[in-house]
$ cat upload_3.tsv   # TSV, C-alpha atoms (C1' of nucleotides)
chain	number	residue	atom	x	y	z
A	1	MET	CA	25.87	20.39	26.79
A	2	ARG	CA	27.44	23.22	24.89
A	3	ALA	CA	26.05	26.71	25.29
A	4	ASP	CA	24.92	27.26	21.69
A	5	ALA	CA	23.36	23.81	21.66
A	6	ALA	CA	21.14	24.77	24.56
A	7	ARG	CA	20.28	28.03	22.86
A	8	ASN	CA	19.33	26.28	19.64
A	9	ARG	CA	17.29	23.71	21.46
A	10	GLU	CA	15.29	26.50	23.01
A	11	LYS	CA	14.85	28.26	19.68
A	12	VAL	CA	13.53	25.04	18.16
A	13	LEU	CA	11.09	24.53	21.01
A	14	GLU	CA	9.90	28.10	20.69
A	15	ALA	CA	9.32	27.80	16.96
A	16	ALA	CA	7.62	24.43	17.41
A	17	ARG	CA	5.32	25.89	20.05
A	18	GLU	CA	4.18	28.63	17.71
A	19	LEU	CA	3.78	26.53	14.58
A	20	PHE	CA	2.22	23.48	16.19
A	21	ALA	CA	-0.23	25.79	17.90
A	22	ALA	CA	-1.07	27.57	14.67
A	23	GLN	CA	-1.17	24.64	12.24
A	24	GLY	CA	-1.24	21.46	14.27
A	25	PHE	CA	0.96	18.40	14.00
A	26	ASP	CA	0.88	18.47	10.21
A	27	VAL	CA	3.19	21.46	9.90
A	28	PRO	CA	6.33	20.37	7.99
A	29	LEU	CA	9.35	19.95	10.19
A	30	ASP	CA	11.47	21.95	7.78
A	31	GLU	CA	9.22	24.90	8.43
A	32	ILE	CA	9.83	24.65	12.14
A	33	ALA	CA	13.56	24.47	11.50
A	34	ALA	CA	13.42	27.48	9.19
A	35	ARG	CA	11.49	29.52	11.71
A	36	ALA	CA	13.99	28.61	14.39
A	37	GLY	CA	16.77	29.75	12.08
A	38	VAL	CA	18.46	26.35	12.04
A	39	GLY	CA	18.74	23.42	9.65
A	40	PRO	CA	16.54	20.32	9.85
A	41	GLY	CA	19.54	18.31	11.00
A	42	THR	CA	19.83	20.44	14.10
A	43	VAL	CA	16.28	19.65	15.08
A	44	TYR	CA	17.09	15.97	14.89
A	45	ARG	CA	20.13	16.40	17.09
A	46	HIS	CA	17.85	17.45	19.92
A	47	PHE	CA	14.75	15.39	19.22
A	48	PRO	CA	14.92	11.90	17.74
A	49	THR	CA	11.70	12.28	15.79
A	50	LYS	CA	9.08	14.84	14.89
A	51	GLN	CA	6.66	13.17	17.24
A	52	ALA	CA	9.11	13.52	20.13
A	53	LEU	CA	9.32	17.24	19.48
A	54	PHE	CA	5.57	17.48	19.37
A	55	GLN	CA	5.30	15.64	22.64
A	56	ALA	CA	7.89	17.88	24.25
A	57	VAL	CA	5.78	20.87	23.25
A	58	THR	CA	2.38	19.57	24.27
A	59	GLU	CA	2.89	17.39	27.31
A	60	ALA	CA	3.53	20.27	29.66
A	61	ARG	CA	0.27	21.96	28.70
A	62	VAL	CA	-1.68	18.74	29.04
A	63	ALA	CA	-0.10	18.03	32.40
A	64	ALA	CA	-1.07	21.49	33.60
A	65	MET	CA	-4.66	20.93	32.50
A	66	ILE	CA	-4.80	17.61	34.28
A	67	GLU	CA	-3.38	19.04	37.47
A	68	SER	CA	-5.94	21.80	37.47
A	69	ALA	CA	-8.65	19.16	37.42
A	70	ALA	CA	-7.56	17.65	40.73
A	71	LEU	CA	-7.98	20.82	42.73
A	72	PRO	CA	-11.66	21.55	43.40
A	73	ALA	CA	-13.54	18.72	45.09
A	74	GLU	CA	-16.91	20.42	45.23
A	75	ASP	CA	-19.70	19.59	42.79
A	76	PRO	CA	-18.72	16.57	40.65
A	77	ARG	CA	-20.72	17.80	37.71
A	78	ALA	CA	-19.14	21.23	37.87
A	79	ALA	CA	-15.69	19.66	38.12
A	80	LEU	CA	-16.22	17.58	34.99
A	81	PHE	CA	-17.78	20.42	33.05
A	82	ALA	CA	-15.07	22.84	34.05
A	83	PHE	CA	-12.46	20.43	32.80
A	84	LEU	CA	-14.23	19.92	29.49
A	85	GLY	CA	-14.55	23.69	29.22
A	86	ARG	CA	-10.87	24.08	29.84
A	87	MET	CA	-10.14	21.56	27.11
A	88	ALA	CA	-12.34	23.40	24.67
A	89	GLU	CA	-10.80	26.71	25.56
A	90	GLU	CA	-7.28	25.40	25.08
A	91	ALA	CA	-8.16	23.65	21.83
A	92	SER	CA	-9.83	26.65	20.27
A	93	ALA	CA	-6.75	28.75	20.94
A	94	LYS	CA	-4.10	26.19	19.98
A	95	ARG	CA	-4.54	23.74	17.20
A	96	ASP	CA	-2.19	21.17	18.64
A	97	MET	CA	-4.36	20.21	21.59
A	98	SER	CA	-6.66	18.03	19.54
A	99	ASP	CA	-3.74	16.47	17.71
A	100	ALA	CA	-2.11	15.61	21.01
A	101	ILE	CA	-4.90	13.15	21.74
A	102	THR	CA	-4.33	11.44	18.43
A	103	VAL	CA	-0.59	11.57	18.05
A	104	THR	CA	0.75	10.81	21.48
A	105	PRO	CA	-0.57	7.65	23.16
A	106	GLU	CA	0.74	8.75	26.54
A	107	LEU	CA	-1.16	11.98	26.54
A	108	ARG	CA	-4.26	10.22	25.37
A	109	LYS	CA	-3.99	7.79	28.26
A	110	SER	CA	-3.49	10.58	30.77
A	111	LEU	CA	-6.54	12.38	29.51
A	112	HIS	CA	-8.53	9.18	29.46
A	113	ALA	CA	-7.68	8.49	33.08
A	114	THR	CA	-8.47	12.01	34.23
A	115	LEU	CA	-11.73	12.20	32.34
A	116	GLY	CA	-12.63	8.73	33.59
A	117	GLY	CA	-12.24	9.81	37.19
A	118	LEU	CA	-14.26	12.98	36.82
A	119	LEU	CA	-16.90	11.20	34.78
A	120	HIS	CA	-17.29	8.38	37.28
A	121	LYS	CA	-17.83	10.74	40.18
A	122	ALA	CA	-20.37	12.79	38.27
A	123	GLN	CA	-22.20	9.64	37.26
A	124	GLU	CA	-22.25	8.34	40.84
A	125	ALA	CA	-23.79	11.61	41.90
A	126	GLY	CA	-26.51	11.04	39.30
A	127	GLU	CA	-25.60	14.17	37.42
A	128	VAL	CA	-24.42	12.61	34.19
A	129	ARG	CA	-25.96	9.91	32.03
A	130	THR	CA	-24.54	6.54	32.95
A	131	ASP	CA	-24.31	5.01	29.50
A	132	VAL	CA	-21.30	7.14	28.59
A	133	THR	CA	-17.87	5.61	29.05
A	134	ALA	CA	-14.58	7.44	29.43
A	135	THR	CA	-13.59	6.20	25.99
A	136	ASP	CA	-16.77	7.63	24.49
A	137	LEU	CA	-16.06	10.93	26.14
A	138	VAL	CA	-12.46	11.14	24.92
A	139	ILE	CA	-13.56	10.33	21.40
A	140	LEU	CA	-16.46	12.74	21.46
A	141	MET	CA	-14.28	15.52	22.78
A	142	LYS	CA	-11.64	14.88	20.15
A	143	GLY	CA	-14.30	15.24	17.47
A	144	MET	CA	-15.62	18.40	19.05
A	145	LEU	CA	-12.19	19.94	19.50
A	146	GLN	CA	-11.44	19.40	15.85
A	147	SER	CA	-14.75	21.00	15.00
A	148	LEU	CA	-13.66	24.13	16.79
A	149	HIS	CA	-10.97	24.74	14.17
A	150	GLU	CA	-13.41	24.72	11.33
A	151	GLY	CA	-15.42	27.72	12.28
A	152	GLY	CA	-17.86	26.27	14.76
A	153	ASN	CA	-18.98	28.52	17.57
A	154	PRO	CA	-17.00	27.20	20.56
A	155	ASP	CA	-19.50	28.22	23.22
A	156	VAL	CA	-22.47	26.74	21.43
A	157	LEU	CA	-20.77	23.48	20.58
A	158	LEU	CA	-19.53	23.03	24.11
A	159	GLN	CA	-22.95	23.82	25.54
A	160	ILE	CA	-24.56	21.21	23.30
A	161	VAL	CA	-22.21	18.53	24.51
A	162	LEU	CA	-22.46	19.52	28.15
A	163	THR	CA	-26.24	19.65	28.03
A	164	GLY	CA	-26.34	16.31	26.27
A	165	LEU	CA	-24.18	14.71	28.91
A	166	GLN	CA	-26.54	15.52	31.74
A	167	SER	CA	-28.87	12.90	33.09
A	168	SER	CA	-32.31	13.20	31.62
A	169	ARG	CA	-34.42	13.50	34.73
A	170	LYS	CA	-37.96	13.91	33.66
A	171	PRO	CA	-39.49	17.04	35.07
B	1	MET	CA	-18.37	3.62	-25.51
B	2	ARG	CA	-16.84	0.23	-26.04
B	3	ALA	CA	-18.21	-2.73	-24.15
B	4	ASP	CA	-15.11	-3.57	-22.13
B	5	ALA	CA	-14.68	0.07	-21.25
B	6	ALA	CA	-18.11	0.11	-19.67
B	7	ARG	CA	-17.31	-3.13	-17.85
B	8	ASN	CA	-14.07	-1.73	-16.48
B	9	ARG	CA	-15.73	1.46	-15.44
B	10	GLU	CA	-18.19	-0.54	-13.41
B	11	LYS	CA	-15.45	-2.67	-11.87
B	12	VAL	CA	-13.62	0.49	-10.82
B	13	LEU	CA	-16.75	1.95	-9.29
B	14	GLU	CA	-17.42	-1.26	-7.42
B	15	ALA	CA	-13.90	-1.45	-6.02
B	16	ALA	CA	-14.02	2.23	-5.12
B	17	ARG	CA	-17.30	1.77	-3.31
B	18	GLU	CA	-15.86	-1.00	-1.16
B	19	LEU	CA	-12.52	0.60	-0.39
B	20	PHE	CA	-13.76	4.14	0.18
B	21	ALA	CA	-16.39	2.71	2.49
B	22	ALA	CA	-13.82	0.67	4.39
B	23	GLN	CA	-10.93	3.11	4.58
B	24	GLY	CA	-12.22	6.51	3.58
B	25	PHE	CA	-10.88	8.93	1.03
B	26	ASP	CA	-7.28	8.28	2.05
B	27	VAL	CA	-7.11	4.87	0.42
B	28	PRO	CA	-4.43	4.95	-2.31
B	29	LEU	CA	-5.83	5.05	-5.79
B	30	ASP	CA	-3.49	2.28	-6.88
B	31	GLU	CA	-5.18	0.02	-4.36
B	32	ILE	CA	-8.56	0.69	-5.89
B	33	ALA	CA	-7.14	-0.04	-9.33
B	34	ALA	CA	-5.56	-3.27	-8.11
B	35	ARG	CA	-8.79	-4.40	-6.51
B	36	ALA	CA	-10.66	-3.66	-9.71
B	37	GLY	CA	-8.10	-5.71	-11.60
B	38	VAL	CA	-7.01	-2.79	-13.80
B	39	GLY	CA	-4.08	-0.41	-13.96
B	40	PRO	CA	-4.12	3.08	-12.49
B	41	GLY	CA	-4.16	4.52	-15.99
B	42	THR	CA	-7.48	2.89	-16.64
B	43	VAL	CA	-9.00	4.57	-13.63
B	44	TYR	CA	-7.92	7.93	-15.00
B	45	ARG	CA	-9.44	7.18	-18.35
B	46	HIS	CA	-12.85	7.11	-16.69
B	47	PHE	CA	-12.42	9.66	-13.93
B	48	PRO	CA	-10.27	12.75	-14.36
B	49	THR	CA	-9.16	12.80	-10.75
B	50	LYS	CA	-9.33	10.78	-7.57
B	51	GLN	CA	-11.75	13.26	-6.14
B	52	ALA	CA	-14.08	12.85	-9.11
B	53	LEU	CA	-14.17	9.12	-8.50
B	54	PHE	CA	-14.89	9.70	-4.85
B	55	GLN	CA	-17.70	12.05	-5.71
B	56	ALA	CA	-19.16	9.57	-8.19
B	57	VAL	CA	-19.26	7.01	-5.41
B	58	THR	CA	-20.67	9.16	-2.65
B	59	GLU	CA	-23.01	11.64	-4.26
B	60	ALA	CA	-25.73	9.12	-4.95
B	61	ARG	CA	-25.86	8.06	-1.32
B	62	VAL	CA	-25.88	11.64	-0.09
B	63	ALA	CA	-28.64	12.52	-2.54
B	64	ALA	CA	-30.72	9.60	-1.32
B	65	MET	CA	-30.30	10.75	2.26
B	66	ILE	CA	-31.31	14.27	1.39
B	67	GLU	CA	-34.37	13.13	-0.50
B	68	SER	CA	-35.51	11.03	2.41
B	69	ALA	CA	-35.43	14.14	4.55
B	70	ALA	CA	-38.06	15.89	2.46
B	71	LEU	CA	-40.73	13.29	2.90
B	72	PRO	CA	-42.28	13.50	6.35
B	73	ALA	CA	-43.69	16.89	7.25
B	74	GLU	CA	-44.90	16.00	10.70
B	75	ASP	CA	-42.97	17.02	13.82
B	76	PRO	CA	-40.07	19.34	12.88
B	77	ARG	CA	-37.96	18.10	15.73
B	78	ALA	CA	-38.50	14.49	14.77
B	79	ALA	CA	-37.68	15.29	11.17
B	80	LEU	CA	-34.38	16.89	12.09
B	81	PHE	CA	-33.44	14.18	14.55
B	82	ALA	CA	-34.34	11.43	12.11
B	83	PHE	CA	-32.08	12.97	9.53
B	84	LEU	CA	-29.20	13.29	11.95
B	85	GLY	CA	-29.78	9.70	12.96
B	86	ARG	CA	-29.68	8.63	9.37
B	87	MET	CA	-26.41	10.45	8.90
B	88	ALA	CA	-24.93	8.76	11.94
B	89	GLU	CA	-26.14	5.37	10.79
B	90	GLU	CA	-24.67	5.80	7.35
B	91	ALA	CA	-21.39	7.14	8.70
B	92	SER	CA	-20.86	4.36	11.20
B	93	ALA	CA	-21.29	1.79	8.45
B	94	LYS	CA	-19.28	3.51	5.73
B	95	ARG	CA	-16.20	5.50	6.41
B	96	ASP	CA	-16.55	7.71	3.36
B	97	MET	CA	-19.64	9.58	4.55
B	98	SER	CA	-17.69	11.83	6.88
B	99	ASP	CA	-15.00	12.40	4.26
B	100	ALA	CA	-17.66	13.43	1.75
B	101	ILE	CA	-18.41	16.51	3.80
B	102	THR	CA	-14.77	17.52	3.75
B	103	VAL	CA	-13.65	16.51	0.30
B	104	THR	CA	-16.51	17.52	-1.94
B	105	PRO	CA	-17.71	21.11	-1.64
B	106	GLU	CA	-20.91	20.34	-3.53
B	107	LEU	CA	-21.97	17.63	-1.15
B	108	ARG	CA	-21.13	19.81	1.78
B	109	LYS	CA	-23.32	22.55	0.41
B	110	SER	CA	-26.21	20.19	-0.20
B	111	LEU	CA	-26.00	18.91	3.32
B	112	HIS	CA	-25.70	22.41	4.67
B	113	ALA	CA	-28.83	23.48	2.86
B	114	THR	CA	-30.84	20.47	3.94
B	115	LEU	CA	-29.75	20.68	7.54
B	116	GLY	CA	-30.38	24.41	7.50
B	117	GLY	CA	-33.98	23.88	6.42
B	118	LEU	CA	-34.72	21.22	8.98
B	119	LEU	CA	-32.97	23.16	11.69
B	120	HIS	CA	-34.82	26.36	10.96
B	121	LYS	CA	-38.21	24.70	11.17
B	122	ALA	CA	-37.36	22.94	14.41
B	123	GLN	CA	-36.12	26.20	15.85
B	124	GLU	CA	-39.25	28.06	14.81
B	125	ALA	CA	-41.28	25.43	16.58
B	126	GLY	CA	-39.27	26.14	19.72
B	127	GLU	CA	-37.94	22.61	19.83
B	128	VAL	CA	-34.28	23.30	19.26
B	129	ARG	CA	-31.99	25.87	20.80
B	130	THR	CA	-31.85	28.96	18.65
B	131	ASP	CA	-28.18	29.83	19.05
B	132	VAL	CA	-27.12	26.98	16.75
B	133	THR	CA	-26.51	27.79	13.11
B	134	ALA	CA	-26.55	25.39	10.20
B	135	THR	CA	-22.80	25.79	9.88
B	136	ASP	CA	-22.34	24.84	13.51
B	137	LEU	CA	-24.47	21.79	12.97
B	138	VAL	CA	-22.60	20.61	9.90
B	139	ILE	CA	-19.29	21.05	11.65
B	140	LEU	CA	-20.43	19.36	14.81
B	141	MET	CA	-21.85	16.44	12.88
B	142	LYS	CA	-18.67	16.04	10.90
B	143	GLY	CA	-16.70	15.84	14.12
B	144	MET	CA	-19.14	13.35	15.57
B	145	LEU	CA	-19.22	11.20	12.46
B	146	GLN	CA	-15.47	10.94	12.52
B	147	SER	CA	-15.65	9.97	16.16
B	148	LEU	CA	-17.81	7.03	15.26
B	149	HIS	CA	-14.90	5.39	13.46
B	150	GLU	CA	-12.70	5.43	16.51
B	151	GLY	CA	-14.67	3.14	18.71
B	152	GLY	CA	-17.23	5.47	20.18
B	153	ASN	CA	-20.66	4.04	20.87
B	154	PRO	CA	-22.79	5.43	18.03
B	155	ASP	CA	-26.10	5.42	19.90
B	156	VAL	CA	-24.71	7.16	22.94
B	157	LEU	CA	-22.81	9.79	21.00
B	158	LEU	CA	-25.82	10.57	18.85
B	159	GLN	CA	-28.09	10.77	21.88
B	160	ILE	CA	-25.77	13.23	23.56
B	161	VAL	CA	-25.84	15.54	20.57
B	162	LEU	CA	-29.58	15.25	20.06
B	163	THR	CA	-30.29	15.91	23.71
B	164	GLY	CA	-27.93	18.84	23.70
B	165	LEU	CA	-29.65	20.36	20.71
B	166	GLN	CA	-33.02	20.58	22.37
B	167	SER	CA	-34.22	23.82	23.82
B	168	SER	CA	-33.55	24.04	27.51
B	169	ARG	CA	-37.03	24.74	28.85
B	170	LYS	CA	-36.75	24.87	32.57
B	171	PRO	CA	-39.07	22.40	34.22
C	1	DG	C1'	46.44	30.25	20.64
C	2	DA	C1'	45.77	25.62	19.19
C	3	DC	C1'	43.45	21.34	19.30
C	4	DG	C1'	39.79	17.91	19.85
C	5	DA	C1'	35.21	17.22	20.58
C	6	DT	C1'	30.79	18.80	19.74
C	7	DA	C1'	27.28	20.87	17.02
C	8	DC	C1'	25.64	22.96	12.74
C	9	DG	C1'	23.55	23.43	8.03
C	10	DG	C1'	21.68	21.81	4.17
C	11	DA	C1'	22.07	18.64	0.45
C	12	DA	C1'	20.47	14.14	-0.35
C	13	DC	C1'	17.80	9.71	0.33
C	14	DG	C1'	13.65	6.85	0.64
C	15	DC	C1'	9.03	6.52	0.44
C	16	DG	C1'	4.21	7.11	-0.73
C	17	DC	C1'	1.02	8.85	-3.66
C	18	DG	C1'	-1.50	11.44	-7.37
C	19	DC	C1'	-1.16	11.64	-12.06
C	20	DC	C1'	0.59	11.00	-17.04
C	21	DC	C1'	2.46	8.56	-21.15
C	22	DC	C1'	3.38	5.10	-24.42
C	23	DG	C1'	3.90	0.54	-26.60
C	24	DG	C1'	0.95	-3.16	-27.04
C	25	DT	C1'	-3.76	-5.13	-27.31
C	26	DT	C1'	-8.53	-5.61	-28.10
C	27	DG	C1'	-13.23	-4.56	-29.80
C	28	DG	C1'	-16.47	-3.80	-33.39
C	29	DC	C1'	-17.58	-2.03	-38.00
C	30	DA	C1'	-17.02	-2.71	-43.07
D	1	DT	C1'	-11.49	-11.21	-41.86
D	2	DG	C1'	-8.88	-7.08	-41.74
D	3	DC	C1'	-8.21	-2.57	-40.10
D	4	DC	C1'	-8.44	1.48	-37.28
D	5	DA	C1'	-9.74	3.61	-33.42
D	6	DA	C1'	-10.45	3.05	-28.73
D	7	DC	C1'	-8.64	1.18	-24.70
D	8	DC	C1'	-5.51	-1.11	-21.48
D	9	DG	C1'	-1.46	-1.91	-18.24
D	10	DG	C1'	2.04	-0.43	-15.63
D	11	DG	C1'	6.31	1.94	-15.50
D	12	DG	C1'	7.63	6.55	-14.52
D	13	DC	C1'	7.51	11.51	-13.15
D	14	DG	C1'	7.00	15.24	-9.75
D	15	DC	C1'	6.27	16.56	-5.28
D	16	DG	C1'	6.22	16.78	-0.30
D	17	DC	C1'	7.96	15.29	3.82
D	18	DG	C1'	10.46	12.69	7.51
D	19	DT	C1'	14.93	11.40	8.26
D	20	DT	C1'	20.08	10.83	7.67
D	21	DC	C1'	24.85	11.98	6.46
D	22	DC	C1'	28.96	14.55	6.14
D	23	DG	C1'	32.04	18.41	5.39
D	24	DT	C1'	32.52	22.60	7.91
D	25	DA	C1'	32.27	25.82	11.70
D	26	DT	C1'	32.21	26.70	16.54
D	27	DC	C1'	32.90	26.02	21.50
D	28	DG	C1'	35.63	25.30	25.48
D	29	DT	C1'	39.63	23.57	27.41
D	30	DC	C1'	44.95	23.15	28.04

$ encode --input "upload_3.tsv" --output "structure tokens"
Amino acid sequence: MRADAARNREKVLEAARELFAAQGFDVPLDEIAARAGVGPGTVYRHFPTKQALFQAVTEARVAAMIESAALPAEDPRAALFAFLGRMAEEASAKRDMSDAITVTPELRKSLHATLGGLLHKAQEAGEVRTDVTATDLVILMKGMLQSLHEGGNPDVLLQIVLTGLQSSRKP
Amino acid sequence: MRADAARNREKVLEAARELFAAQGFDVPLDEIAARAGVGPGTVYRHFPTKQALFQAVTEARVAAMIESAALPAEDPRAALFAFLGRMAEEASAKRDMSDAITVTPELRKSLHATLGGLLHKAQEAGEVRTDVTATDLVILMKGMLQSLHEGGNPDVLLQIVLTGLQSSRKP
DNA sequence: GACGATACGGAACGCGCGCCCCGGTTGGCA
DNA sequence: TGCCAACCGGGGCGCGCGTTCCGTATCGTC
């Protein structure tokens, strides 16, 4: 690959990172190109489609999140809740996290699998209500993450969901 | 107004009711016109804009929901939860309920006011966590209502939110 | 320094959709 | 029954956006 090609590819990725994070998947591709200081055609030389560019930007962050979930094997409930908290944190800072679940089937599947594992362990330990499925959880989180961009208080919303997930053991 | 004009207006409303309910606000207006058996121009003779048609379809249902919230003055927590349940029920049957919050500022304000009243009473009674605002609740509900259309189990999702809303009184 | 391959920019295309306009038609009053 | 106003249908416009195409510029090699 030619030197300037590599440079432009990096400029495009940089611009895409910023704009996807600020405005989500819906940002026009021409805007990304303009910010990168290149033409739209150049973007398409490096990425076959807008979705591919989006995936290139988001999949690393999602992968990092998922990896971080595998580390601590202590309390299953804490592990699940920490992961959900991490998701909320990421999503309230960058608008593309919630879109990633919708736009890219691969990322959605990865998240589904990870959440499913954490959820199952927490349920086996009797810490989380057993009528929730991994699919429910992904969907609920997607809704909540989107809510974060509309002015909802992140801490409160997350707390509501986390509290609601816990098993209702009658005192 | 001429007789056939009134008839067409009703046919448009009927088609709009069905299609907005099935597909949400994003359904093309031409599709509504086709289903009503009229041309797009006819739709615009009766409603100045697509949004106006949407509002004409949804505002009656929202108003009915809001009225039903004023009736029972018993347990404040039950009143709030019943209303949220009603919202969830309506939204899982008709896809336009969640869009109504987004698209029509008036309806959003009505809902905000109603939810605010119910929430405040329930909070005063110590039944609901006090760090939640009416805005948070509207936003959270909107996210949850949208989640209902993506395969989430309505009962479970609603239960999670309702449980999470309750005051955490340590047993 | 020249030449071929590679990459660039941006104009242009196709498409979908909200919205408008106009020639033809229909309803209801005199 | 005839006439005018109201109304209808649908073709068309404007716009935004993803994507493609091509003439031109640039890189790297001989």

$ interface_residues --input "upload_3.tsv" --of "chain A" --to "chain D" --cutoff "9 Å" --atoms "all atoms listed in the file" --output "number ranges by chain"
A: 2-4, 28-30, 41, 44, 49-50

$ write_last_selection --input "upload_3.tsv" --atoms "C-alpha atoms" --output "PDB file, keeping the file's coordinate frame"
ATOM      1  CA  ARG A   2      27.440  23.220  24.890  1.00  0.00           C
ATOM      2  CA  ALA A   3      26.050  26.710  25.290  1.00  0.00           C
ATOM      3  CA  ASP A   4      24.920  27.260  21.690  1.00  0.00           C
ATOM      4  CA  PRO A  28       6.330  20.370   7.990  1.00  0.00           C
ATOM      5  CA  LEU A  29       9.350  19.950  10.190  1.00  0.00           C
ATOM      6  CA  ASP A  30      11.470  21.950   7.780  1.00  0.00           C
ATOM      7  CA  GLY A  41      19.540  18.310  11.000  1.00  0.00           C
ATOM      8  CA  TYR A  44      17.090  15.970  14.890  1.00  0.00           C
ATOM      9  CA  THR A  49      11.700  12.280  15.790  1.00  0.00           C
ATOM     10  CA  LYS A  50       9.080  14.840  14.890  1.00  0.00           C
TER      11      LYS A  50
END

$ interface_residues --input "upload_3.tsv" --of "chain C" --to "chain A" --cutoff "12 Å" --atoms "all atoms listed in the file" --output "list in words"
DA5, DT6, DA7, DC8, DG9, DG10 and DA11 of chain C

$ closest_residue --input "upload_3.tsv" --among "B:Ala100, B:Leu140, B:Arg77, B:Leu84" --to "Glu59 of chain B" --atoms "only C-alpha atoms"
B:Ala100

$ atom_distance --input "upload_3.tsv" --atom1 "atom CA of Thr102 of chain A" --atom2 "atom CA of Pro72 of chain A"
27.9 Å

$ residues_near_point --input "upload_3.tsv" --point "(-3.7, 20.2, 26.3)" --cutoff "9 Å" --atoms "all atoms listed in the file" --output "count of residues only"
21

$ atom_distance --input "upload_3.tsv" --atom1 "atom CA of Arg129 of chain A" --atom2 "atom CA of Ser168 of chain B"
16.7 Å

$ closest_atom_pairs --input "upload_3.tsv" --of "chain B" --to "chain A" --cutoff "12 Å" --atoms "all atoms listed in the file" --output "Markdown table"
| residue | atom | partner | partner_atom | distance |
| --- | --- | --- | --- | --- |
| B:Ser98 | CA | A:Gly143 | CA | 11.6 |
| B:Thr102 | CA | A:Glu150 | CA | 10.5 |
| B:Val128 | CA | A:Ile160 | CA | 10.7 |
| B:Arg129 | CA | A:Ile160 | CA | 9.1 |
| B:Thr130 | CA | A:Val156 | CA | 10.0 |
| B:Asp131 | CA | A:Val156 | CA | 6.9 |
| B:Val132 | CA | A:Val156 | CA | 6.6 |
| B:Thr133 | CA | A:Asn153 | CA | 8.8 |
| B:Ala134 | CA | A:Gly152 | CA | 9.9 |
| B:Thr135 | CA | A:Gly152 | CA | 7.0 |
| B:Asp136 | CA | A:Gly152 | CA | 4.9 |
| B:Leu137 | CA | A:Gly152 | CA | 8.2 |
| B:Val138 | CA | A:Gly152 | CA | 8.8 |
| B:Ile139 | CA | A:Ser147 | CA | 5.6 |
| B:Leu140 | CA | A:Ser147 | CA | 5.9 |
| B:Met141 | CA | A:Ser147 | CA | 8.7 |
| B:Lys142 | CA | A:Ser147 | CA | 7.5 |
| B:Gly143 | CA | A:Gly143 | CA | 4.2 |
| B:Met144 | CA | A:Gly143 | CA | 5.5 |
| B:Leu145 | CA | A:Gly143 | CA | 8.1 |
| B:Gln146 | CA | A:Gly143 | CA | 6.7 |
| B:Ser147 | CA | A:Gly143 | CA | 5.6 |
| B:Leu148 | CA | A:Ile139 | CA | 8.2 |
| B:His149 | CA | A:Ile139 | CA | 9.4 |
| B:Glu150 | CA | A:Ile139 | CA | 7.0 |
| B:Gly151 | CA | A:Asp136 | CA | 7.6 |
| B:Gly152 | CA | A:Asp136 | CA | 4.8 |
| B:Asn153 | CA | A:Asp136 | CA | 6.4 |
| B:Pro154 | CA | A:Asp136 | CA | 9.1 |
| B:Asp155 | CA | A:Asp131 | CA | 9.8 |
| B:Val156 | CA | A:Val132 | CA | 6.6 |
| B:Leu157 | CA | A:Leu140 | CA | 7.0 |
| B:Leu158 | CA | A:Gly164 | CA | 9.4 |
| B:Gln159 | CA | A:Gly164 | CA | 7.3 |
| B:Ile160 | CA | A:Gly164 | CA | 4.1 |
| B:Val161 | CA | A:Gly164 | CA | 5.8 |
| B:Leu162 | CA | A:Gly164 | CA | 7.1 |
| B:Thr163 | CA | A:Gly164 | CA | 4.7 |
| B:Gly164 | CA | A:Gly164 | CA | 3.9 |
| B:Leu165 | CA | A:Ile160 | CA | 5.8 |
| B:Gln166 | CA | A:Ile160 | CA | 8.5 |
| B:Ser167 | CA | A:Thr163 | CA | 9.9 |
| B:Ser168 | CA | A:Thr163 | CA | 8.5 |
| B:Arg169 | CA | A:Pro171 | CA | 10.2 |
| B:Lys170 | CA | A:Pro171 | CA | 8.7 |
| B:Pro171 | CA | A:Pro171 | CA | 5.4 |

$ residues_near_point --input "upload_3.tsv" --point "(-11.8, 13.2, 35.7)" --cutoff "9 Å" --atoms "only C-alpha atoms (C1' of nucleotides)" --output "number ranges by chain"
A: 66, 69-70, 79-80, 83, 111-122, 134

$ atom_distance --input "upload_3.tsv" --atom1 "atom CA of Arg35 of chain A" --atom2 "atom CA of Phe20 of chain A"
11.9 Å

$ axis_aligned_box --input "upload_3.tsv" --around "segment 103-115 of chain A" --padding-each-side "5 Å" --output "AutoDock Vina command-line options"
--center_x -5.5 --center_y 10.0 --center_z 26.1 --size_x 22.5 --size_y 14.7 --size_z 26.2

$ build_atoms --input "upload_3.tsv" --residues "segment 93-98 of chain B" --atoms "N, CA and C atoms" --output "compact mmCIF listing (two decimals), in the coordinates of the input"
# COMPACT_ATOMS: atom_id res chain seq x y z
N ALA B 93 -21.45 2.96 9.31
CA ALA B 93 -21.29 1.79 8.45
C ALA B 93 -20.24 2.02 7.37
N LYS B 94 -20.20 3.21 6.83
CA LYS B 94 -19.28 3.51 5.73
C LYS B 94 -18.42 4.70 6.11
N ARG B 95 -17.14 4.49 5.95
CA ARG B 95 -16.20 5.50 6.41
C ARG B 95 -16.15 6.71 5.49
N ASP B 96 -16.71 6.61 4.30
CA ASP B 96 -16.55 7.71 3.36
C ASP B 96 -17.58 8.82 3.57
N MET B 97 -18.62 8.54 4.37
CA MET B 97 -19.64 9.58 4.55
C MET B 97 -19.05 10.83 5.19
N SER B 98 -18.25 10.65 6.21
CA SER B 98 -17.69 11.83 6.88
C SER B 98 -16.68 12.54 5.97
